[in-house]
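Colleague: Mind having a look at this structure? Questions to follow.
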Amino acid sequence: MKIPARLLAAACLAALAPAALAQSPVGDLDKVRLFVESQAGSLSARIEVTVGQPDARLQLAPCLKAEPFLPAGARLWGRSWVGLRCVDGARWSITVPVEVKVHGPALVASRALPANQPVTGADVQVQEIELSKESASVFADARSLEGKLLTRPLAAGQALRTDFFRAAPVIAQGDAVRLVAKGPGFSVSTDALALQHAGDGQAIRVKTEAGRVVTGVARAGRVVEVPLADSGPGR
């Protein structure tokens, strides 16, 4: 039986189409991986990239060439996605799931650390951790901990995240302080007693030797500044 040429051509196209479809986008996943690695390469850390499969329900036209791109709002950190669009042979654009694990050095607690205490270099050690698992940035240099207090207890081996700390007070409740009142071209000072804790630049109430309660601004060196407004000429 002779098969008409028109039917034979249609059958050949049908046989070729699935192969072309299979190459797009599945055949471009290695290209996606290389794209992610190049984009994340600016991070001075060890990167692991896992590329997931596109949605199996997608029905895409055959594509001769597809290129990856970073969609607006996407971040190559943890679970994310990368765009893949056809630039030759069809017009479609899809997203491909990716997971980017970022490993780098960080300070971790070398022992259990209590809250509301300063942390020194003797309390920590540097380890490589998965930075992309942390919901906030972490400390990598013990010198950055100076002048800071833990706001929560940490277990041994736990990373020291920046949101676990607050600035240590420069004045503590009960401290003897120097109250300095400053005006245009002059300043006067007297001794006072701090009524609360305060960090540098924070408002603090103090009690003078005469028993008056004054609010000023805490400064390093147990100094409390009270600015005096200029009353102006003739007042």
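In the structure tokens, each chain is lettered A, B, ... as it comes, each chain's residues begin at 1, and ligands are numbered from 1 in order of appearance.
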Pull the closest atom pair for each residue of region 87-112 of chain A that gets at most 10 Å from region 32-38 of chain A, along with the distance in Å to one decimal, counting only C-alpha atoms, ordering rows by chain and then ascending residue number, as a tab-separated table.
Modeller:
```
residue	atom	partner	partner_atom	distance
A:Val96	CA	A:Val32	CA	8.3
A:Pro97	CA	A:Val32	CA	10.0
A:Val98	CA	A:Arg33	CA	8.4
A:Glu99	CA	A:Val36	CA	9.6
A:Val100	CA	A:Val36	CA	8.2
```
Colleague: Next, dump the selected residues to file, keeping only N, CA and C atoms, as a compact mmCIF listing (two decimals), in the first residue's frame.
Modeller:
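Full text of selection37.txt as output:
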```
# COMPACT_ATOMS: atom_id res chain seq x y z
N VAL A 96 11.92 28.27 36.45
CA VAL A 96 12.49 27.00 36.86
C VAL A 96 12.89 27.11 38.34
N PRO A 97 12.44 26.20 39.20
CA PRO A 97 12.81 26.29 40.62
C PRO A 97 14.28 25.95 40.83
N VAL A 98 14.93 26.71 41.69
CA VAL A 98 16.32 26.45 42.04
C VAL A 98 16.48 26.58 43.55
N GLU A 99 17.50 25.94 44.08
CA GLU A 99 17.87 26.11 45.48
C GLU A 99 19.36 26.43 45.53
N VAL A 100 19.67 27.56 46.15
CA VAL A 100 21.06 28.02 46.23
C VAL A 100 21.48 27.99 47.70
```
Colleague: Contacts of region 124-134 of chain A at 6 Å or less, counting only C-alpha atoms, minus same-chain residues fewer than 6 places along, as a list in words?
Modeller: Trp77, Gly78, Lys101, Val102, His103, Gly104, Pro105, Ala106, Leu107, Val108, Ala109 and Ser110 of chain A
Colleague: List every residue of region 13-231 of chain A that DSSP, applied to the backbone of this structure, places in strand (DSSP E), and write the result as a ChimeraX atom specification.
Modeller: /A:46-51,65-69,78-88,93-109,124-130,148-150,165-167,176-183,186-194,203-208,213-219,223-227
Colleague: Take the selection from the previous step and output its residues with C-alpha atoms, as a CSV table (one decimal), in the first residue's frame.
Modeller:
```
chain,number,residue,atom,x,y,z
A,46,ARG,CA,31.0,28.2,48.7
A,47,ILE,CA,27.9,27.8,46.6
A,48,GLU,CA,25.7,24.7,46.0
A,49,VAL,CA,23.1,24.9,43.2
A,50,THR,CA,20.2,22.5,42.8
A,51,VAL,CA,18.0,23.0,39.7
A,65,LYS,CA,17.6,28.1,21.7
A,66,ALA,CA,16.5,29.1,25.2
A,67,GLU,CA,18.3,31.5,27.6
A,68,PRO,CA,18.0,31.8,31.4
A,69,PHE,CA,17.4,35.2,33.1
A,78,GLY,CA,17.9,29.6,49.4
A,79,ARG,CA,14.8,28.5,47.5
A,80,SER,CA,14.2,30.7,44.5
A,81,TRP,CA,13.5,30.6,40.8
A,82,VAL,CA,15.1,31.5,37.5
A,83,GLY,CA,13.4,32.4,34.3
A,84,LEU,CA,14.0,30.5,31.0
A,85,ARG,CA,12.8,32.0,27.7
A,86,CYS,CA,12.9,30.9,24.2
A,87,VAL,CA,14.9,33.2,21.9
A,88,ASP,CA,14.8,31.1,18.7
A,93,SER,CA,8.9,32.2,29.0
A,94,ILE,CA,8.8,29.9,32.1
A,95,THR,CA,10.2,29.8,35.6
A,96,VAL,CA,12.5,27.0,36.9
A,97,PRO,CA,12.8,26.3,40.6
A,98,VAL,CA,16.3,26.4,42.0
A,99,GLU,CA,17.9,26.1,45.5
A,100,VAL,CA,21.1,28.0,46.2
A,101,LYS,CA,22.9,27.0,49.4
A,102,VAL,CA,25.5,29.5,50.4
A,103,HIS,CA,28.2,28.3,52.8
A,104,GLY,CA,30.7,30.7,54.5
A,105,PRO,CA,32.5,31.5,57.8
A,106,ALA,CA,30.6,32.7,60.8
A,107,LEU,CA,31.0,33.1,64.5
A,108,VAL,CA,29.2,30.4,66.5
A,109,ALA,CA,28.9,30.1,70.3
A,124,VAL,CA,33.0,32.2,70.1
A,125,GLN,CA,34.7,30.3,67.3
A,126,VAL,CA,34.7,30.6,63.6
A,127,GLN,CA,33.0,27.8,61.6
A,128,GLU,CA,31.6,27.3,58.1
A,129,ILE,CA,27.8,27.3,58.2
A,130,GLU,CA,25.0,27.4,55.7
A,148,LYS,CA,27.0,44.8,72.1
A,149,LEU,CA,24.9,42.6,74.4
A,150,LEU,CA,23.0,39.4,73.7
A,165,PHE,CA,22.3,41.7,69.8
A,166,ARG,CA,21.7,45.3,70.9
A,167,ALA,CA,24.0,48.1,71.8
A,176,ALA,CA,27.4,58.7,88.8
A,177,VAL,CA,27.3,60.9,85.7
A,178,ARG,CA,28.4,64.4,84.6
A,179,LEU,CA,25.4,66.5,83.6
A,180,VAL,CA,26.5,69.0,81.0
A,181,ALA,CA,24.2,71.8,79.9
A,182,LYS,CA,25.2,73.5,76.7
A,183,GLY,CA,24.1,76.8,75.2
A,186,PHE,CA,28.9,78.3,76.9
A,187,SER,CA,28.4,75.2,79.0
A,188,VAL,CA,28.0,74.3,82.6
A,189,SER,CA,28.2,71.0,84.3
A,190,THR,CA,27.3,69.3,87.6
A,191,ASP,CA,27.2,65.9,89.1
A,192,ALA,CA,24.1,63.7,88.9
A,193,LEU,CA,22.8,60.2,89.3
A,194,ALA,CA,21.5,58.0,86.4
A,203,ALA,CA,17.3,59.8,76.2
A,204,ILE,CA,18.1,59.3,79.9
A,205,ARG,CA,16.7,60.7,83.1
A,206,VAL,CA,19.1,61.8,85.8
A,207,LYS,CA,18.8,63.3,89.3
A,208,THR,CA,20.9,66.3,90.2
A,213,VAL,CA,15.1,65.2,87.7
A,214,VAL,CA,16.4,66.2,84.3
A,215,THR,CA,16.2,64.4,80.9
A,216,GLY,CA,19.2,64.5,78.7
A,217,VAL,CA,21.1,62.5,76.0
A,218,ALA,CA,23.5,59.7,77.1
A,219,ARG,CA,27.1,59.9,75.8
A,223,VAL,CA,28.2,62.1,80.3
A,224,VAL,CA,24.6,63.4,79.9
A,225,GLU,CA,24.1,66.3,77.6
A,226,VAL,CA,21.2,68.8,78.1
A,227,PRO,CA,21.1,71.3,75.2
```
Colleague: Find the residues near Ala115 (chain A): any atom within 7 Å, counting only C-alpha atoms, skip ones fewer than 5 places away on the same chain, and give them as a compact mmCIF listing (two decimals) with N, CA and C atoms, in the first residue's frame.
Modeller:
```txt
# COMPACT_ATOMS: atom_id res chain seq x y z
N LEU A 150 23.97 40.40 74.15
CA LEU A 150 23.01 39.41 73.65
C LEU A 150 21.61 39.74 74.17
N THR A 151 20.62 39.59 73.32
CA THR A 151 19.24 39.80 73.75
C THR A 151 18.54 38.49 74.09
N ARG A 152 19.20 37.35 73.85
CA ARG A 152 18.60 36.04 74.10
C ARG A 152 19.73 35.05 74.36
N PRO A 153 19.45 33.97 75.09
CA PRO A 153 20.50 32.96 75.31
C PRO A 153 20.78 32.20 74.03
```
Colleague: Between CA of Asp175 (chain A) and CA of His197 (chain A), what is the distance, to one decimal in Å?
Modeller: 9.0 Å
Colleague: Check the smallest atom-to-atom distance from each of A:Ala61, A:Val119, A:Ala220, A:Val138 to Val170 (chain A) using only C-alpha atoms, then report the winner.
Modeller: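 The closest residue to Val170 (chain A) is A:Ala220.
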Colleague: Just list the residues in region 19-94 of chain A DSSP gives helix (DSSP H, G or I) on the backbone, as a ChimeraX atom specification.
Modeller: /A:19-22,26-40
Colleague: Of the residues A:Ala210, A:Trp92, A:Gly199, A:Asp141, which is the one nearest to Leu60 (chain A), using only C-alpha atoms?
Modeller: A:Trp92
